[in-house]
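Visitor: The structure file entry-v1.txt (compact mmCIF, C-alpha atoms and all ligand atoms) is provided below.
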# COMPACT_ATOMS: atom_id res chain seq x y z
CA MET A 1 24.54 19.52 3.43
CA ALA A 2 25.17 20.45 -0.19
CA LEU A 3 28.53 19.37 -1.49
CA LYS A 4 31.06 22.09 -2.22
CA PRO A 5 31.93 22.50 -5.87
CA ILE A 6 35.27 21.63 -7.44
CA LEU A 7 36.94 24.32 -9.50
CA ILE A 8 38.91 23.41 -12.63
CA ALA A 9 40.95 26.24 -14.13
CA HIS A 10 42.91 25.38 -17.23
CA GLU A 11 43.27 27.01 -20.60
CA SER A 12 43.15 23.74 -22.54
CA VAL A 13 39.58 22.67 -23.12
CA ASP A 14 40.70 19.07 -23.67
CA LEU A 15 42.62 18.94 -20.42
CA ARG A 16 39.71 20.51 -18.55
CA SER A 17 37.47 17.88 -19.93
CA LEU A 18 39.87 15.06 -18.96
CA ILE A 19 40.17 16.44 -15.41
CA HIS A 20 36.40 16.84 -15.31
CA LEU A 21 35.86 13.21 -16.35
CA CYS A 22 38.31 11.88 -13.78
CA VAL A 23 37.02 14.00 -10.92
CA GLU A 24 33.44 13.18 -11.77
CA SER A 25 34.23 9.47 -11.90
CA GLN A 26 35.08 9.53 -8.19
CA LEU A 27 33.06 12.32 -6.64
CA GLU A 28 29.54 13.67 -6.55
CA ASN A 29 30.50 17.33 -6.17
CA PRO A 30 29.35 19.86 -8.75
CA ILE A 31 32.17 20.89 -11.07
CA ILE A 32 32.93 24.37 -12.33
CA GLU A 33 35.25 24.84 -15.29
CA VAL A 34 36.96 28.13 -16.10
CA LYS A 35 39.60 28.87 -18.70
CA ASN A 36 41.91 31.26 -16.87
CA GLY A 37 43.01 32.60 -13.52
CA LYS A 38 40.91 35.73 -13.77
CA GLU A 39 37.71 33.74 -14.18
CA ALA A 40 38.85 31.46 -11.35
CA ILE A 41 39.26 34.44 -9.02
CA LYS A 42 35.76 35.59 -9.97
CA ALA A 43 34.53 32.12 -9.02
CA LEU A 44 36.29 32.47 -5.64
CA ASP A 45 34.24 35.63 -5.10
CA LYS A 46 31.03 34.05 -6.25
CA TYR A 47 31.34 30.99 -4.01
CA SER A 48 33.10 32.84 -1.14
CA GLY A 49 36.04 30.50 -1.58
CA GLU A 50 33.93 27.50 -0.59
CA PHE A 51 35.47 24.88 -2.85
CA GLU A 52 36.22 21.25 -2.15
CA LEU A 53 39.24 21.32 -4.43
CA ILE A 54 40.90 23.61 -6.98
CA CYS A 55 42.69 22.06 -9.98
CA SER A 56 44.70 24.70 -11.77
CA GLY A 57 47.08 25.07 -14.66
CA TYR A 58 49.97 27.51 -14.51
CA GLN A 59 50.23 29.33 -17.81
CA MET A 60 46.86 30.95 -18.37
CA GLU A 61 45.88 34.29 -19.83
CA PRO A 62 44.64 36.49 -18.22
CA GLY A 63 45.48 35.45 -14.70
CA SER A 64 48.03 32.66 -14.31
CA GLY A 65 48.05 29.79 -11.82
CA ASP A 66 50.38 31.63 -9.45
CA GLU A 67 48.06 34.64 -9.37
CA LEU A 68 45.19 32.32 -8.51
CA TYR A 69 47.23 30.63 -5.82
CA ALA A 70 48.31 33.98 -4.36
CA GLU A 71 44.64 34.89 -4.11
CA VAL A 72 43.79 31.62 -2.35
CA LYS A 73 46.60 32.30 0.10
CA LYS A 74 45.62 35.92 0.63
CA ARG A 75 42.10 34.84 1.47
CA LYS A 76 43.48 32.20 3.86
CA LEU A 77 41.43 29.52 2.17
CA LEU A 78 42.15 25.94 3.15
CA VAL A 79 41.02 24.53 -0.17
CA PRO A 80 43.40 21.84 -1.44
CA PHE A 81 45.16 23.15 -4.54
CA LEU A 82 46.25 20.78 -7.32
CA LEU A 83 48.73 22.32 -9.74
CA ILE A 84 48.86 20.79 -13.20
CA SER A 85 51.80 22.25 -15.00
CA ALA A 86 54.97 21.58 -16.93
CA TYR A 87 56.85 22.95 -13.89
CA ARG A 88 57.30 21.68 -10.35
CA PRO A 89 56.06 24.10 -7.65
CA GLU A 90 59.66 24.64 -6.47
CA GLU A 91 60.46 26.12 -9.87
CA LEU A 92 57.68 28.69 -9.59
CA GLU A 93 58.26 31.48 -7.12
CA ALA A 94 54.72 32.13 -5.97
CA LEU A 95 53.98 28.44 -5.70
CA SER A 96 57.24 27.25 -4.20
CA THR A 97 55.80 27.01 -0.67
CA MET A 98 52.45 25.57 -1.62
CA ARG A 99 53.08 22.17 -0.10
CA LEU A 100 54.26 23.73 3.15
CA ASP A 101 51.32 26.13 3.19
CA ASN A 102 48.83 23.26 3.10
CA PRO A 103 49.88 19.58 3.27
CA SER A 104 46.84 18.67 1.15
CA ASN A 105 48.19 20.68 -1.79
CA SER A 106 49.75 18.68 -4.57
CA PHE A 107 50.90 18.82 -8.16
CA ILE A 108 51.07 16.69 -11.29
CA LEU A 109 53.58 17.35 -14.01
CA LYS A 110 51.82 17.83 -17.31
CA LYS A 111 53.84 15.06 -18.94
CA ASN A 112 52.55 12.63 -16.31
CA ILE A 113 48.88 13.49 -16.74
CA ASN A 114 46.66 10.50 -17.19
CA GLY A 115 43.52 9.06 -15.61
CA LYS A 116 45.46 7.24 -12.92
CA SER A 117 47.66 10.14 -11.83
CA LEU A 118 44.64 12.43 -11.66
CA MET A 119 42.44 10.02 -9.77
CA ASP A 120 45.23 9.11 -7.36
CA ALA A 121 46.00 12.76 -6.68
CA VAL A 122 42.37 13.64 -6.07
CA GLN A 123 41.90 10.64 -3.80
CA THR A 124 45.01 11.39 -1.79
CA MET A 125 44.13 15.06 -1.49
CA LEU A 126 40.52 14.46 -0.45
CA GLY A 127 40.22 10.79 0.38
CA HIS A 128 42.08 9.92 3.57
CA GLY A 129 39.56 7.27 4.52
CA ASP A 130 36.55 9.55 4.15
CA ASP A 131 34.47 7.43 1.85
CA SER A 132 31.15 9.11 2.49
CA ASN A 133 31.58 11.19 -0.62
CA LYS A 134 32.95 8.48 -2.87
CA ASN A 135 31.48 5.74 -4.99
CA ASP A 136 32.28 2.16 -4.36
CA GLN A 137 36.10 1.94 -4.50
CA ASN A 138 36.03 -0.64 -7.28
CA TYR A 139 33.88 1.35 -9.67
CA SER A 140 34.09 4.68 -11.41
CA LYS A 141 31.21 6.45 -13.00
CA ILE A 142 30.86 8.22 -16.30
CA ARG A 143 28.02 10.42 -17.43
CA ILE A 144 26.08 8.56 -20.15
CA SER A 145 26.04 11.65 -22.38
CA LYS A 146 29.86 11.73 -22.17
CA PHE A 147 30.18 8.02 -22.83
CA ILE A 148 27.96 8.32 -25.92
CA GLU A 149 30.39 10.86 -27.36
CA ASN A 150 33.13 8.23 -27.29
CA PRO A 151 31.56 4.83 -26.78
CA ARG A 152 33.91 1.89 -26.40
CA GLU A 153 33.02 -1.75 -26.58
CA ASP A 154 35.95 -3.07 -24.56
CA VAL A 155 34.44 -2.24 -21.16
CA ASP A 156 31.64 -3.71 -19.07
CA LEU A 157 28.89 -1.19 -18.35
CA TYR A 158 26.95 -1.27 -15.11
CA VAL A 159 23.92 0.66 -13.95
CA ARG A 160 23.34 1.50 -10.30
CA LEU A 161 19.99 0.29 -9.00
CA SER A 162 20.52 1.53 -5.47
CA GLU A 163 23.39 2.40 -3.14
CA GLY A 164 26.02 -0.33 -3.56
CA LYS A 165 23.91 -2.35 -5.99
CA LEU A 166 25.14 -2.41 -9.57
CA VAL A 167 23.92 -4.57 -12.43
CA LYS A 168 25.86 -5.26 -15.62
CA ARG A 169 23.92 -4.04 -18.66
CA PHE A 170 26.53 -4.44 -21.38
CA LYS A 171 29.46 -6.78 -21.39
CA LYS A 172 32.76 -6.35 -23.18
CA GLY A 173 32.46 -6.95 -26.88
CA ASP A 174 28.71 -6.27 -27.05
CA LEU A 175 27.91 -4.17 -30.07
CA LEU A 176 26.80 -0.85 -28.63
CA ASP A 177 24.12 1.02 -30.38
CA ILE A 178 23.64 4.66 -29.51
CA ASP A 179 19.85 4.45 -29.39
CA GLY A 180 20.12 1.60 -26.91
CA LEU A 181 22.43 3.70 -24.71
CA LYS A 182 20.18 6.71 -24.96
CA LYS A 183 17.26 4.67 -23.65
CA PHE A 184 18.97 4.67 -20.25
CA GLN A 185 19.09 8.44 -20.30
CA ASP A 186 15.43 8.54 -21.25
CA LYS A 187 14.72 6.48 -18.14
CA GLY A 188 16.52 9.09 -16.07
CA VAL A 189 19.76 7.14 -15.58
CA GLU A 190 22.62 9.63 -15.54
CA TYR A 191 25.71 7.46 -15.21
CA PHE A 192 27.22 4.19 -16.28
CA PHE A 193 29.58 2.54 -13.82
CA LEU A 194 32.76 0.84 -14.98
CA THR A 195 35.16 -1.21 -12.94
CA THR A 196 37.97 1.16 -12.07
CA GLU A 197 40.31 -1.01 -14.13
CA ASP A 198 38.06 -0.64 -17.21
CA TYR A 199 37.60 3.03 -16.47
CA LEU A 200 41.33 3.63 -16.44
CA SER A 201 41.72 1.89 -19.77
CA TYR A 202 38.82 3.93 -21.16
CA ILE A 203 40.34 7.15 -19.88
CA LYS A 204 43.73 6.15 -21.24
CA HIS A 205 42.30 6.14 -24.73
CA GLU A 206 40.56 9.41 -24.02
CA SER A 207 43.74 11.04 -22.79
CA GLN A 208 45.71 9.72 -25.75
CA LYS A 209 43.14 11.29 -28.00
CA ILE A 210 43.36 14.54 -26.10
CA PHE A 211 47.05 14.69 -26.59
CA GLU A 212 46.63 14.04 -30.24
CA SER A 213 44.35 17.09 -29.94
CA PHE A 214 41.32 15.69 -31.59
CA GLU A 215 39.03 18.36 -32.84
CA VAL A 216 35.69 18.69 -31.15
CA VAL A 217 33.11 18.41 -33.86
CA ASP A 218 29.43 18.95 -34.24
CA SER A 219 27.93 15.48 -34.54
CA SER A 220 24.36 16.36 -35.50
CA PRO A 221 22.85 14.32 -38.37
CA GLU A 222 22.93 17.46 -40.53
CA ALA A 223 26.63 17.98 -39.84
CA MET A 224 27.27 14.35 -40.71
CA ALA A 225 25.29 14.57 -43.93
CA ASN A 226 27.17 17.74 -44.86
CA LEU A 227 30.50 16.05 -44.29
CA GLN A 228 29.40 13.12 -46.42
CA VAL A 229 28.43 15.43 -49.25
CA LYS A 230 31.72 17.29 -48.86
CA ALA A 231 33.72 14.06 -49.03
CA LEU A 232 31.78 12.90 -52.08
CA GLU A 233 32.38 16.18 -53.84
CA GLU A 234 36.06 16.17 -53.00
CA SER A 235 36.43 12.64 -54.33
CA GLN A 236 34.68 13.62 -57.52
CA GLU A 237 36.98 16.60 -57.92
CA ILE A 238 40.12 14.56 -57.31
CA LEU A 239 39.07 12.06 -59.95
CA ASN A 240 38.12 14.78 -62.43
CA ASN A 241 41.57 16.24 -61.86
CA ILE A 242 43.35 13.09 -62.94
CA GLY A 243 41.29 12.92 -66.09
CA VAL A 244 38.27 10.84 -65.17
CA ASP A 245 35.28 11.74 -67.31
CA PRO A 246 33.02 14.04 -65.22
CA HIS A 247 30.02 12.18 -66.63
CA LEU A 248 31.28 8.93 -65.09
CA THR A 249 32.13 10.56 -61.74
CA ASN A 250 28.65 12.05 -61.67
CA ILE A 251 27.02 8.66 -62.08
CA VAL A 252 29.32 7.09 -59.50
CA LYS A 253 28.77 9.97 -57.11
CA ALA A 254 25.03 9.43 -57.24
CA SER A 255 25.21 5.70 -56.61
CA VAL A 256 27.95 5.88 -53.96
CA GLY A 257 26.03 8.71 -52.31
CA ASN A 258 22.89 6.61 -52.22
CA ILE A 259 24.63 3.58 -50.81
CA VAL A 260 26.56 5.59 -48.24
CA GLY A 261 23.28 7.21 -47.26
CA SER A 262 21.44 3.92 -46.87
CA VAL A 263 24.37 2.19 -45.15
CA SER A 264 24.65 5.11 -42.72
CA LYS A 265 21.01 4.71 -41.79
CA LYS A 266 21.46 1.06 -40.80
CA LYS A 267 21.11 1.24 -37.10
CA ASN A 268 24.02 -0.97 -36.13
CA VAL A 269 26.50 0.59 -38.53
CA GLN A 270 25.36 4.15 -37.89
CA LYS A 271 27.64 4.59 -34.93
CA MET A 272 30.64 3.18 -36.76
CA ILE A 273 30.11 5.38 -39.78
CA SER A 274 29.58 8.49 -37.70
CA SER A 275 32.71 7.77 -35.72
CA LEU A 276 34.53 7.47 -39.03
CA VAL A 277 33.07 10.64 -40.49
CA PHE A 278 34.23 12.60 -37.51
CA LYS A 279 37.67 11.12 -37.34
CA LYS A 280 40.45 13.11 -38.88
CA ASP A 281 39.92 13.94 -42.50
CA TYR A 282 42.18 11.36 -44.06
CA LEU A 283 40.33 8.41 -42.59
CA TYR A 284 37.01 9.39 -44.04
CA SER A 285 38.16 10.93 -47.28
CA HIS A 286 40.33 7.96 -48.25
CA SER A 287 37.40 5.65 -47.47
CA ILE A 288 35.02 7.60 -49.68
CA LEU A 289 37.57 7.93 -52.46
CA THR A 290 38.20 4.18 -52.30
CA SER A 291 34.43 3.57 -52.71
CA PHE A 292 34.40 5.91 -55.68
CA LEU A 293 37.33 4.31 -57.42
CA GLY A 294 36.21 0.78 -56.57
CA CYS A 295 32.70 1.38 -57.95
CA SER A 296 34.05 3.10 -61.07
CA MET A 297 36.35 0.16 -61.74
CA MET A 298 33.52 -2.30 -61.19
CA GLN A 299 31.45 -0.41 -63.76
CA GLN A 300 34.23 -0.80 -66.30
CA LEU A 301 34.28 -4.53 -65.65
CA ASN A 302 30.49 -4.77 -65.77
CA TRP A 303 30.48 -6.02 -62.18
CA ALA A 304 28.57 -3.05 -60.95
CA THR A 305 25.33 -4.65 -59.87
CA GLU A 306 23.74 -2.79 -57.02
CA GLU A 307 24.71 -5.62 -54.70
CA GLY A 308 28.29 -5.55 -55.95
CA GLN A 309 28.62 -1.82 -55.44
CA GLN A 310 27.12 -2.15 -52.02
CA LYS A 311 29.84 -4.64 -51.05
CA MET A 312 32.47 -2.24 -52.30
CA VAL A 313 31.04 0.72 -50.36
CA TYR A 314 30.69 -1.37 -47.21
CA ALA A 315 34.26 -2.57 -47.43
CA ALA A 316 35.59 0.90 -48.23
CA LEU A 317 33.73 2.61 -45.41
CA LEU A 318 34.51 0.02 -42.78
CA HIS A 319 37.95 -1.32 -43.63
CA ASP A 320 39.81 0.96 -41.20
CA ILE A 321 37.05 1.34 -38.65
CA TYR A 322 39.32 0.05 -35.88
CA ILE A 323 42.06 2.54 -36.68
CA LYS A 324 41.77 5.59 -34.53
CA ASP A 325 44.85 7.43 -35.60
CA GLU A 326 45.44 9.17 -38.88
CA GLY A 327 49.14 8.24 -38.97
CA ALA A 328 48.26 4.60 -38.41
CA ALA A 329 45.63 4.73 -41.17
CA ARG A 330 48.29 5.77 -43.66
CA VAL A 331 50.42 2.69 -43.04
CA LYS A 332 50.25 0.17 -45.87
CA ILE A 333 53.01 -2.32 -45.11
CA LEU A 334 54.88 -3.21 -41.93
CA SER A 335 58.24 -1.94 -43.08
CA GLY A 336 59.11 1.68 -43.59
CA SER A 337 58.97 4.68 -41.29
CA LEU A 338 55.21 5.17 -41.44
CA TYR A 339 54.91 1.99 -39.40
CA THR A 340 58.13 1.90 -37.40
CA SER A 341 57.57 5.39 -36.01
CA LEU A 342 54.23 4.42 -34.43
CA SER A 343 53.77 3.77 -30.72
CA PRO A 344 53.49 0.10 -29.66
CA SER A 345 49.74 0.38 -29.15
CA LEU A 346 49.19 1.92 -32.58
CA LYS A 347 51.38 -0.78 -34.10
CA LYS A 348 49.10 -3.33 -32.49
CA ASP A 349 46.03 -1.53 -33.92
CA VAL A 350 47.58 -1.63 -37.39
CA LYS A 351 48.37 -5.32 -37.19
CA GLU A 352 44.95 -6.29 -35.88
CA HIS A 353 42.52 -3.86 -37.48
CA MET A 354 41.61 -5.99 -40.52
CA LYS A 355 40.70 -8.97 -38.39
CA LYS A 356 38.90 -6.87 -35.79
CA SER A 357 36.90 -4.93 -38.39
CA GLY A 358 36.09 -8.18 -40.20
CA ASP A 359 34.96 -9.88 -36.97
CA LEU A 360 32.83 -6.94 -35.99
CA LEU A 361 31.09 -7.05 -39.34
CA THR A 362 30.00 -10.65 -38.87
CA LYS A 363 27.72 -9.25 -36.18
CA ILE A 364 25.86 -7.17 -38.74
CA SER A 365 23.04 -9.14 -40.27
CA ASN A 366 23.23 -9.52 -44.06
CA PHE A 367 26.75 -8.26 -44.12
CA PRO A 368 28.17 -9.38 -47.46
CA GLU A 369 30.92 -11.97 -47.00
CA ASP A 370 32.85 -10.61 -49.99
CA ALA A 371 33.15 -7.27 -48.25
CA ARG A 372 34.67 -9.02 -45.26
CA THR A 373 37.22 -10.72 -47.53
CA MET A 374 38.16 -7.38 -49.09
CA ILE A 375 38.65 -5.95 -45.61
CA LEU A 376 40.75 -8.88 -44.41
CA ASP A 377 42.97 -8.61 -47.50
CA HIS A 378 43.30 -4.86 -47.84
CA HIS A 379 46.92 -4.77 -46.66
CA GLU A 380 48.14 -7.44 -49.06
CA THR A 381 50.25 -6.25 -52.01
CA PRO A 382 51.10 -7.32 -55.56
CA GLU A 383 54.71 -7.78 -54.40
CA GLY A 384 53.69 -10.32 -51.75
CA ASP A 385 55.12 -8.31 -48.83
CA GLY A 386 51.78 -7.32 -47.31
CA PHE A 387 50.10 -8.58 -44.17
CA PRO A 388 48.65 -10.56 -42.52
CA ARG A 389 49.01 -13.39 -45.06
CA LYS A 390 51.67 -12.19 -47.50
CA LEU A 391 49.35 -13.14 -50.37
CA THR A 392 50.79 -12.84 -53.85
CA ALA A 393 49.35 -11.50 -57.09
CA SER A 394 48.36 -15.01 -58.10
CA ASN A 395 46.53 -16.08 -54.94
CA THR A 396 44.76 -12.86 -53.93
CA PRO A 397 41.05 -12.99 -54.90
CA VAL A 398 40.32 -10.67 -57.83
CA LEU A 399 37.78 -8.64 -55.90
CA SER A 400 40.36 -8.11 -53.14
CA CYS A 401 42.88 -7.07 -55.82
CA LEU A 402 40.40 -4.52 -57.09
CA PHE A 403 39.89 -3.17 -53.58
CA ILE A 404 43.62 -3.09 -52.81
CA LEU A 405 44.26 -1.18 -56.02
CA ALA A 406 41.42 1.29 -55.43
CA HIS A 407 42.64 1.83 -51.86
CA ASP A 408 46.23 2.31 -52.97
CA VAL A 409 45.21 4.85 -55.60
CA ALA A 410 43.01 6.71 -53.11
CA ASP A 411 45.92 6.98 -50.70
CA PHE A 412 48.30 8.01 -53.47
CA LEU A 413 46.01 10.74 -54.78
CA ILE A 414 45.20 12.18 -51.37
CA THR A 415 48.85 12.19 -50.35
CA ARG A 416 49.93 13.81 -53.61
CA PHE A 417 47.20 16.44 -53.40
CA GLU A 418 48.13 17.20 -49.79
CA SER A 419 51.79 17.64 -50.66
CA GLY A 420 51.07 19.65 -53.80
CA GLU A 421 53.00 17.19 -55.97
CA GLY A 422 51.55 16.46 -59.37
CA THR A 423 50.11 13.16 -60.50
CA SER A 424 51.34 13.02 -64.11
CA ASP A 425 53.36 9.87 -63.40
CA PHE A 426 50.25 8.21 -62.02
CA ALA A 427 49.33 5.77 -64.82
CA GLN A 428 52.93 4.79 -65.39
CA LEU A 429 53.54 4.01 -61.72
CA TYR A 430 50.47 1.86 -61.44
CA GLN A 431 51.10 0.06 -64.69
CA LYS A 432 54.52 -0.88 -63.40
CA ARG A 433 53.39 -2.19 -60.05
CA PHE A 434 50.03 -3.77 -60.70
CA ASP A 435 50.29 -5.36 -64.14
CA VAL A 436 50.62 -8.79 -62.60
CA GLY A 437 48.45 -11.85 -61.79
CA ASN A 438 44.96 -11.16 -60.47
CA TYR A 439 45.66 -7.42 -60.38
CA GLN A 440 45.72 -7.19 -64.17
CA LYS A 441 41.98 -6.98 -64.75
CA PRO A 442 41.39 -4.36 -62.07
CA LEU A 443 44.38 -2.42 -63.44
CA GLN A 444 42.87 -2.37 -66.93
CA ALA A 445 39.62 -1.15 -65.41
CA LEU A 446 41.48 1.60 -63.56
CA LEU A 447 43.26 2.71 -66.71
CA SER A 448 40.02 2.91 -68.65
CA VAL A 449 38.42 4.84 -65.78
CA ILE A 450 41.12 7.45 -66.14
CA GLY A 451 40.85 7.35 -69.94
CA ARG A 452 44.17 5.67 -70.77
FE FE B 1 42.76 2.37 -45.39
FE FE B 2 43.92 -0.44 -43.19
Kindly return the structure encoded in the file as structure tokens.
Ligand SMILES: [Fe+2]
Ligand SMILES: [Fe+2]
Guide:
Amino acid sequence: MALKPILIAHESVDLRSLIHLCVESQLENPIIEVKNGKEAIKALDKYSGEFELICSGYQMEPGSGDELYAEVKKRKLLVPFLLISAYRPEELEALSTMRLDNPSNSFILKKNINGKSLMDAVQTMLGHGDDSNKNDQNYSKIRISKFIENPREDVDLYVRLSEGKLVKRFKKGDLLDIDGLKKFQDKGVEYFFLTTEDYLSYIKHESQKIFESFEVVDSSPEAMANLQVKALEESQEILNNIGVDPHLTNIVKASVGNIVGSVSKKKNVQKMISSLVFKKDYLYSHSILTSFLGCSMMQQLNWATEEGQQKMVYAALLHDIYIKDEGAARVKILSGSLYTSLSPSLKKDVKEHMKKSGDLLTKISNFPEDARTMILDHHETPEGDGFPRKLTASNTPVLSCLFILAHDVADFLITRFESGEGTSDFAQLYQKRFDVGNYQKPLQALLSVIGR
């Protein structure tokens, strides 16, 4: 007998997609998503109320969750109803009796929404020992196309050969390449299976992202190329604005553009770069601007061989690849409110991202070692209060100093442009802070780049 569909009615597309992922991880039923109560009632008509489960929000326009529930009740449907709302059912008149009406009905407070609460609720509402419709208890499945949108390397991935027989295809830490994942789809495999423990940690990241309301973006190669061009042009404009000779920025734009283009085509870094491009603006734009400034400074110092510039672009594009949060990417040192206001898990990301990015890069063949050093050192400072090694101006390698300075300036300029503050004090500020030890040469290069 065909399985009855599950209806998800919620006005937030991100929440619908989280509910969808969690429900799909446990059940084989088709899933129907609608964005309001009115559409949900239409779906009741269309399917004659034959649903396995209804997951519904409360505040929706047109047609709220209580209108939908009233309709379910009026039609005497015995479909379990899961309310996902900021309110408890008792606080909502039309829903106050829902748990008496049908003992299978349940609710989750919006603030408690996560993979575990959703999966537990669905299992309790439908499970009750009926495992015929469920996957192996210890595993949860995820559609490969969904996984590819947000691949993570900290989970084991299994493929199901036959009922109850799973084989591990990728283990934690394996570098995932999108083409390799897509090959499974080409062979007709629809789902990866994760241990439920891994799945919950995967979903936890997903739900965190949802609540940070990540934008859904078009990730076609054309869209990516357009964003790259946009970031290059913005960087050029920012530098022109602080007085950099447009002729120089033109030259740098062409070479950075070329390197970014060729780096992006490298199969094993493609995924990393595209994930960066589509992260929030700051992450990508400060990376591109750092490449720009770094390469311009190298030209002033006559270090700008193609190989040298490539190292700079690699380091600039990949230095924050393990940072997933824009706020965390803006942190430079471990004191100050930018850092202290972060959640514990973001704090951990900040502390570890240089090492993690550096380690990941060792897996890329021909990855320039100097680029790795720049990445490992990018949170050191001329004052010696950076991390992880508290290097000083006299023991930080010059190339790292150049990178740190370029990165600092990129952050400064973006922040100032965002806030609308001017940058007339720019040269003075940098002269004061960076005219010391191994930073001196890069500082001179910076000052000649900006024509001082
Ligand atoms: Fe950064
Ligand atoms: Fe960083």
Visitor: Enumerate residues in contact with ligand FE 2 (chain B): an atom-to-atom distance of at most 9 Å, counting only C-alpha atoms and all ligand atoms. Format the result as number ranges by chain.
Guide: A: 319-323, 328-332, 350-351, 353-354, 375, 378-379
Visitor: Using only C-alpha atoms, list the residues that have an atom at most 9 Å from (37.4, 8.0, -65.9), coordinates as in the file, as an NGL selection string.
Guide: :A and (239-240 or 242-249 or 296-297 or 446-452)
Visitor: List every protein, DNA or RNA residue that has an atom no more than 10 Å from (48.4, 15.3, -8.5) in the file's coordinate frame, counting all atoms listed in the file, and report them as a list in words.
Guide: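 The residues near that point, listed by chain and number, are Cys55, Phe81, Leu82, Leu83, Ile84, Asn105, Ser106, Phe107, Ile108, Leu109, Lys110, Asn112, Ile113, Lys116, Ser117, Leu118, Met119, Asp120, Ala121, Val122, Gln123, Thr124 and Met125 of chain A.
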Visitor: Have a look at A:Pro62, A:Pro442, A:Gly127, A:Pro368 and name the one nearest to Ala406 of chain A; count all atoms listed in the file.
Guide: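 For Ala406 of chain A, the nearest of the candidates is A:Pro442.
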Visitor: Using all atoms listed in the file for the distances, tell me which of A:Ile6, A:Leu18, A:Val155, A:Val252 is nearest to Asn114 of chain A.
Guide: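 Between A:Ile6, A:Leu18, A:Val155, A:Val252, the residue approaching Asn114 of chain A most closely is A:Leu18.
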Visitor: Which residue is closest to ligand FE 1 (chain B)? Choose from A:Ile8, A:Leu334, A:Leu317, A:Leu443 and count only C-alpha atoms and all ligand atoms.
Guide: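 Counting only C-alpha atoms and all ligand atoms, the residue closest to ligand FE 1 (chain B) is A:Leu317.
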Visitor: Given the choices A:Gly63, A:Gly384, A:Gly115, A:Gly180, which gets closest to Phe434 of chain A if the distance is worked out from all atoms listed in the file?
Guide: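 So, comparing all the options, the nearest one is A:Gly384.
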Visitor: Between atom CA of Gln309 of chain A and atom CA of Val398 of chain A, what distance in Å does the model show, to one decimal?
Guide: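 Taking atom CA of Gln309 of chain A and atom CA of Val398 of chain A, their separation equals 14.9 Å.
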